[in-house]
Amino acid sequence: HITSDTCINIFILLFLQRVLLLVASDVDALCACKILQALFQCDHVQYTLIPVSGWQELETAFLEHKDQSKYFVLINCGANVDLLEILQPEEDTFFFVCDSHRPINVVNVYNDTQIRLLVKQDDDLDVPAYDDIFRDEEEEEEGSESESEGSEPSDKRRRFEEDVIERTMKRRQRREWEARRREILFDYEQYEYHGTSSAMVMFDLAWRMSKDLNDMLWWAIVGLTDQWVQDKITQVKYVTDVGTLQRHVSRHNHRHEAEESALSIDCTRIAFEYDLRLALYQHWSLYESLCNTSYTSARLKLWSVQGQKRLQEFLADMGLPLKQVKQKFSSMDMSLKENLREMIEESANKFGMKDLRVQTFSIHFGFKNKFSASDIVYATTSLMENIEKEGPETTNFIKALDSLSRSNLDKLHQGLDLAKKQLRAIQQTVASCICTNLVISQGPFLYCSLMEGTPDVKLFSKPVSLCLLSKNLLKSFVCSTKNKRCKLLPLIMAAPMDVQQGTVIMVGIPPETESSDKKNFFGRAFEKAADSTRSRTLHNHFDMSIIELKTEDRSKFLDALISLLS
């Protein structure tokens with residue numbers, strides 16, 4: 001795979017070609033794409049951008065465009081399957097893969113002719129050794145060596161017996177090697193997880209080429225924040241990567257106070273800060289944000305009457321009048337806003353919310369506009385999965401991509417409004433699932449299914465929205481249940497996908513524990529359960545733990561999963 005020494009030389013190769021960009025539909029991929037577009041524009045590189053939301057679209061896009069170019073850049077797609085097996089490219093086609101999905105397919109790792117993996121040097125891929133999984137085919141010697149005419153029959157027999165013993169030993173060694181190989185690959189491929197954000201990898205590349213700009217740094221920050229908001233990486237990994245970006249922020253944004261006052265209206269400034277873990281609170285009311293943030297909603301149990309009472313007590317403890325809390329944050333009294341973070345944190349500790357402040361970054365566009373990194377993530381996600389306007393899928397992708405540019409603040413504000421609707425829909429659905437006991441224990445996992453006709457059910461046919469809902473529901477369920485065993489279980493969630501075709505979308509989420517390593521075993525389990533029951537499933541998503549399934553095959557598929565995981 002590409003390390004820092006070789007990445008520049010190889011990427012310069014790209015700058016001399018026409019390039020095809022295949023970009024997955026997630027915020028981290030969009031941010032990596034923006035950084036690469038900026039690099040390409042510096043050197044006037046011609047490229048074609050093609051959004052791909054799953055394996056089928058990736059294959060179709062490759063087949064349609066393989067005659068236009070021999071160079072393909074894949075962002076957040078392509079690493080975790082055998083690319084050459086799926087796409088069957090010509091030998092003069094080259095793939096540059098920047099993908100945070102792990103584990104990376106071993107064939108992609110060890111193919112040094114057509115596939116180049118863009119990964120950070122310090123990323124531990126934990127790949128098995130080459131000799132443990134690949135072996136040159138030894139030609140089995142057929143028949144014994146030619147014997148000389150004068151050989152005695154007894155010599156012939158002895159040589160024949162030795163030959164038989166040797167071939168038997170070789171076959172046994174081969175079987176043992178294959179059994180060990182299966183075991184090694186099973187251990188390596190068993191869990192799905194995420195590596196360093198692709199936007200961070202692209203920014204690292206730009207920095208090594210001395211072409212990094214403040215805008216690129218901001219996109220890297222948003223890419224990392226997307227991984228944190230979507231709960232894809234551990235807290236330790238997040239804090240480590242924040243530290244890396246913080247050093248770049250200091251380098252790009254060091255200004256003296258005298259210069260601060262002379263900032264132009266369209267200047268961009270990024271700052272590191274400890275901010276509140278409250279979704280969109282600076283663009284909403286504090287009350288709405290407290291009610292619709294998964295962390296506070298789960299800890300206060302806001303779906304219950306008792307929880308609503310605790311919320312009132314929490315606000316009273318801070319000494320914040322309801323009138324102030326329920327109006328737009330920007331309209332709150334300045335005297336209250338000045339010490340708000342400290343007031344909230346102090347009261348939050350008393351109410352069992354010890355992690356209400358989080359390390360993050362914010363950006364100022366000129367004097368007026370300030371956004372935190374998570375604001376951008378929520379806004380861009382909701383634009384990408386917008387269900388309000390019918391039209392081609394690519395429209396949402398382009399809008400979401402545009403909202404990341406500071407010249408398109410109107411699109412960003414549109415995204416923020418959509419994000420508020422999405423967060424409300426998620427919390428209302430969580431409350432309804434818990435109050436009507438829709439989360440049931442199936443033995444080795446919890447299961448929840450949304451019925452057709454449920455409010456906002458169309459939104460949850462979209463993968464990112466369904467994953468956000470599932471993770472928030474599991475957090476809330478763990479806070480609400482008294483059953484200690486259930487607190488340690490993973491969750492499978494299903495929602496109607498296409499009523500006319502009779503399909504559901506299903507996602508598997510790892511257990512919600514303090515020490516969770518965010519590794520997900522559902523991808524492999526789904527494949528095995530589908531194979532053993534011949535269920536009609538579609539494994540089209542780049543995340544293996546999301547599948548589509550025929551509704552009538554659901555019960556036998558779940559039965560197979562229960563017996564497989566028990």
# chains A, B, ... in the order shown; residues from 1 in each chain; ligands from 1

call {"tool": "residues_around", "arguments": {"residues": "region 433-439 of chain A", "least_positions_apart": "6", "cutoff": "10 Å", "atoms": "only C-alpha atoms", "output": "PyMOL selection string"}}
result
chain A and resi 303-304+427+446-450+473-474+476-477+480-481+491-493

call {"tool": "residues_around", "arguments": {"residues": "Gln501 (chain A)", "least_positions_apart": "3", "cutoff": "9 Å", "atoms": "only C-alpha atoms", "output": "PyMOL selection string"}}
result
chain A and resi 497-498+550

call {"tool": "write_last_selection", "arguments": {"atoms": "N, CA and C atoms", "output": "compact mmCIF listing (two decimals), in the first residue's frame"}}
result
# COMPACT_ATOMS: atom_id res chain seq x y z
N MET A 497 -38.28 -1.14 2.89
CA MET A 497 -37.40 -0.53 1.88
C MET A 497 -38.22 -0.12 0.66
N ASP A 498 -38.84 -1.11 0.03
CA ASP A 498 -39.67 -0.86 -1.15
C ASP A 498 -40.92 -1.73 -1.04
N LYS A 550 -35.94 -9.84 1.08
CA LYS A 550 -37.36 -10.01 0.75
C LYS A 550 -38.15 -10.18 2.06

call {"tool": "atom_distance", "arguments": {"atom1": "CA of Met353 (chain A)", "atom2": "CA of Arg277 (chain A)"}}
result
10.4 Å

call {"tool": "residues_around", "arguments": {"residues": "His283 (chain A)", "least_positions_apart": "4", "cutoff": "9 Å", "atoms": "only C-alpha atoms", "output": "CSV table (one decimal) with N, CA and C atoms, in the first residue's frame"}}
result
chain,number,residue,atom,x,y,z
A,328,LYS,N,-34.7,30.9,20.2
A,328,LYS,CA,-33.6,30.6,19.4
A,328,LYS,C,-32.3,30.9,20.2
A,329,PHE,N,-31.3,30.1,20.1
A,329,PHE,CA,-30.0,30.3,20.8
A,329,PHE,C,-29.4,31.6,20.6
A,330,SER,N,-29.5,32.1,19.3
A,330,SER,CA,-28.8,33.4,19.0
A,330,SER,C,-29.6,34.5,19.6
A,371,PHE,N,-19.9,27.9,12.6
A,371,PHE,CA,-20.5,26.5,12.6
A,371,PHE,C,-19.5,25.6,13.3
A,375,ASP,N,-22.3,20.4,13.2
A,375,ASP,CA,-23.4,21.0,12.5
A,375,ASP,C,-23.3,20.7,11.0
A,416,LEU,N,-29.3,22.4,7.4
A,416,LEU,CA,-29.5,22.5,8.9
A,416,LEU,C,-31.0,22.4,9.2

call {"tool": "select_by_dssp", "arguments": {"residues": "region 290-503 of chain A", "states": "helix (DSSP H, G or I)", "output": "ChimeraX atom specification"}}
result
/A:290-292,294-300,305-318,322-325,329-331,334-338,340-350,373-384,393-402,406-435,459-461,463-480,486-488

call {"tool": "closest_residue", "arguments": {"among": "A:Asn108, A:Asn472, A:Ile387, A:Gly195", "to": "Thr296 (chain A)", "atoms": "only C-alpha atoms"}}
result
A:Asn472

call {"tool": "residues_around", "arguments": {"residues": "Ala494 (chain A)", "least_positions_apart": "4", "cutoff": "10 Å", "atoms": "only C-alpha atoms", "output": "PyMOL selection string"}}
result
chain A and resi 447-451+460-461+466+470+504-508+546-549+554

call {"tool": "atom_distance", "arguments": {"atom1": "CA of Gln422 (chain A)", "atom2": "CA of Glu385 (chain A)"}}
result
9.7 Å

call {"tool": "decode", "arguments": {"residues": "region 217-230 of chain A", "atoms": "all heavy atoms", "output": "mmCIF file, in the first residue's frame"}}
result
data_model
loop_
_atom_site.group_PDB
_atom_site.id
_atom_site.type_symbol
_atom_site.label_atom_id
_atom_site.label_comp_id
_atom_site.auth_asym_id
_atom_site.auth_seq_id
_atom_site.Cartn_x
_atom_site.Cartn_y
_atom_site.Cartn_z
ATOM 1 N N LEU A 217 -8.184 21.591 5.255
ATOM 2 C CA LEU A 217 -8.086 21.187 6.664
ATOM 3 C C LEU A 217 -9.485 21.079 7.279
ATOM 4 O O LEU A 217 -9.789 20.133 8.019
ATOM 5 C CB LEU A 217 -7.218 22.202 7.431
ATOM 6 C CG LEU A 217 -7.105 22.004 8.941
ATOM 7 C CD1 LEU A 217 -6.593 20.612 9.287
ATOM 8 C CD2 LEU A 217 -6.179 23.068 9.548
ATOM 9 N N TRP A 218 -10.363 22.031 6.942
ATOM 10 C CA TRP A 218 -11.728 22.000 7.476
ATOM 11 C C TRP A 218 -12.465 20.747 6.985
ATOM 12 O O TRP A 218 -13.171 20.096 7.753
ATOM 13 C CB TRP A 218 -12.480 23.278 7.089
ATOM 14 C CG TRP A 218 -13.912 23.263 7.567
ATOM 15 C CD1 TRP A 218 -15.033 23.262 6.805
ATOM 16 C CD2 TRP A 218 -14.348 23.219 8.932
ATOM 17 N NE1 TRP A 218 -16.159 23.225 7.593
ATOM 18 C CE2 TRP A 218 -15.771 23.196 8.911
ATOM 19 C CE3 TRP A 218 -13.704 23.188 10.160
ATOM 20 C CZ2 TRP A 218 -16.536 23.149 10.077
ATOM 21 C CZ3 TRP A 218 -14.467 23.140 11.326
ATOM 22 C CH2 TRP A 218 -15.867 23.117 11.280
ATOM 23 N N TRP A 219 -12.275 20.395 5.718
ATOM 24 C CA TRP A 219 -12.943 19.191 5.202
ATOM 25 C C TRP A 219 -12.422 17.931 5.902
ATOM 26 O O TRP A 219 -13.187 17.004 6.149
ATOM 27 C CB TRP A 219 -12.757 19.098 3.676
ATOM 28 C CG TRP A 219 -13.487 20.165 2.924
ATOM 29 C CD1 TRP A 219 -14.724 20.670 3.236
ATOM 30 C CD2 TRP A 219 -13.054 20.884 1.761
ATOM 31 N NE1 TRP A 219 -15.078 21.653 2.342
ATOM 32 C CE2 TRP A 219 -14.072 21.812 1.414
ATOM 33 C CE3 TRP A 219 -11.908 20.840 0.970
ATOM 34 C CZ2 TRP A 219 -13.981 22.676 0.331
ATOM 35 C CZ3 TRP A 219 -11.801 21.697 -0.116
ATOM 36 C CH2 TRP A 219 -12.826 22.600 -0.430
ATOM 37 N N ALA A 220 -11.121 17.925 6.226
ATOM 38 C CA ALA A 220 -10.565 16.783 6.975
ATOM 39 C C ALA A 220 -11.208 16.687 8.354
ATOM 40 O O ALA A 220 -11.544 15.590 8.837
ATOM 41 C CB ALA A 220 -9.052 16.923 7.095
ATOM 42 N N ILE A 221 -11.407 17.845 8.983
ATOM 43 C CA ILE A 221 -12.054 17.887 10.313
ATOM 44 C C ILE A 221 -13.488 17.359 10.226
ATOM 45 O O ILE A 221 -13.928 16.562 11.066
ATOM 46 C CB ILE A 221 -12.042 19.342 10.865
ATOM 47 C CG1 ILE A 221 -10.614 19.718 11.295
ATOM 48 C CG2 ILE A 221 -13.022 19.513 12.015
ATOM 49 C CD1 ILE A 221 -10.412 21.202 11.558
ATOM 50 N N VAL A 222 -14.228 17.791 9.187
ATOM 51 C CA VAL A 222 -15.623 17.345 9.025
ATOM 52 C C VAL A 222 -15.665 15.825 8.759
ATOM 53 O O VAL A 222 -16.524 15.121 9.286
ATOM 54 C CB VAL A 222 -16.336 18.126 7.892
ATOM 55 C CG1 VAL A 222 -17.734 17.580 7.642
ATOM 56 C CG2 VAL A 222 -16.419 19.614 8.255
ATOM 57 N N GLY A 223 -14.698 15.323 7.978
ATOM 58 C CA GLY A 223 -14.629 13.876 7.708
ATOM 59 C C GLY A 223 -14.442 13.066 8.975
ATOM 60 O O GLY A 223 -15.110 12.049 9.194
ATOM 61 N N LEU A 224 -13.529 13.531 9.848
ATOM 62 C CA LEU A 224 -13.311 12.858 11.136
ATOM 63 C C LEU A 224 -14.556 12.960 12.013
ATOM 64 O O LEU A 224 -14.979 11.975 12.641
ATOM 65 C CB LEU A 224 -12.104 13.479 11.849
ATOM 66 C CG LEU A 224 -11.898 13.056 13.311
ATOM 67 C CD1 LEU A 224 -11.638 11.558 13.424
ATOM 68 C CD2 LEU A 224 -10.754 13.840 13.960
ATOM 69 N N THR A 225 -15.168 14.146 12.044
ATOM 70 C CA THR A 225 -16.358 14.353 12.891
ATOM 71 C C THR A 225 -17.511 13.468 12.433
ATOM 72 O O THR A 225 -18.300 12.984 13.249
ATOM 73 C CB THR A 225 -16.772 15.844 12.872
ATOM 74 O OG1 THR A 225 -15.635 16.637 13.185
ATOM 75 C CG2 THR A 225 -17.877 16.132 13.877
ATOM 76 N N ASP A 226 -17.588 13.218 11.118
ATOM 77 C CA ASP A 226 -18.614 12.307 10.590
ATOM 78 C C ASP A 226 -18.435 10.912 11.197
ATOM 79 O O ASP A 226 -19.401 10.277 11.619
ATOM 80 C CB ASP A 226 -18.513 12.233 9.066
ATOM 81 C CG ASP A 226 -19.502 11.240 8.456
ATOM 82 O OD1 ASP A 226 -20.700 11.340 8.773
ATOM 83 O OD2 ASP A 226 -19.084 10.359 7.693
ATOM 84 N N GLN A 227 -17.189 10.444 11.275
ATOM 85 C CA GLN A 227 -16.934 9.123 11.876
ATOM 86 C C GLN A 227 -17.369 9.107 13.338
ATOM 87 O O GLN A 227 -17.885 8.101 13.831
ATOM 88 C CB GLN A 227 -15.438 8.782 11.794
ATOM 89 C CG GLN A 227 -14.971 8.412 10.397
ATOM 90 C CD GLN A 227 -13.594 7.780 10.431
ATOM 91 O OE1 GLN A 227 -12.711 8.225 11.180
ATOM 92 N NE2 GLN A 227 -13.378 6.764 9.640
ATOM 93 N N TRP A 228 -17.167 10.228 14.038
ATOM 94 C CA TRP A 228 -17.540 10.296 15.460
ATOM 95 C C TRP A 228 -19.065 10.358 15.624
ATOM 96 O O TRP A 228 -19.640 9.640 16.440
ATOM 97 C CB TRP A 228 -16.866 11.521 16.101
ATOM 98 C CG TRP A 228 -17.182 11.645 17.558
ATOM 99 C CD1 TRP A 228 -16.667 10.891 18.582
ATOM 100 C CD2 TRP A 228 -18.105 12.561 18.159
ATOM 101 N NE1 TRP A 228 -17.214 11.292 19.780
ATOM 102 C CE2 TRP A 228 -18.098 12.309 19.541
ATOM 103 C CE3 TRP A 228 -18.939 13.557 17.664
ATOM 104 C CZ2 TRP A 228 -18.890 13.026 20.441
ATOM 105 C CZ3 TRP A 228 -19.717 14.270 18.548
ATOM 106 C CH2 TRP A 228 -19.695 14.009 19.918
ATOM 107 N N VAL A 229 -19.722 11.200 14.810
ATOM 108 C CA VAL A 229 -21.193 11.330 14.891
ATOM 109 C C VAL A 229 -21.860 9.999 14.552
ATOM 110 O O VAL A 229 -22.832 9.591 15.197
ATOM 111 C CB VAL A 229 -21.694 12.450 13.931
ATOM 112 C CG1 VAL A 229 -23.208 12.385 13.754
ATOM 113 C CG2 VAL A 229 -21.295 13.820 14.460
ATOM 114 N N GLN A 230 -21.328 9.291 13.549
ATOM 115 C CA GLN A 230 -21.917 8.012 13.122
ATOM 116 C C GLN A 230 -21.444 6.853 14.008
ATOM 117 O O GLN A 230 -21.795 5.704 13.748
ATOM 118 C CB GLN A 230 -21.542 7.678 11.662
ATOM 119 C CG GLN A 230 -21.827 8.757 10.649
ATOM 120 C CD GLN A 230 -23.300 8.960 10.376
ATOM 121 O OE1 GLN A 230 -24.117 8.142 10.765
ATOM 122 N NE2 GLN A 230 -23.638 10.049 9.725
#
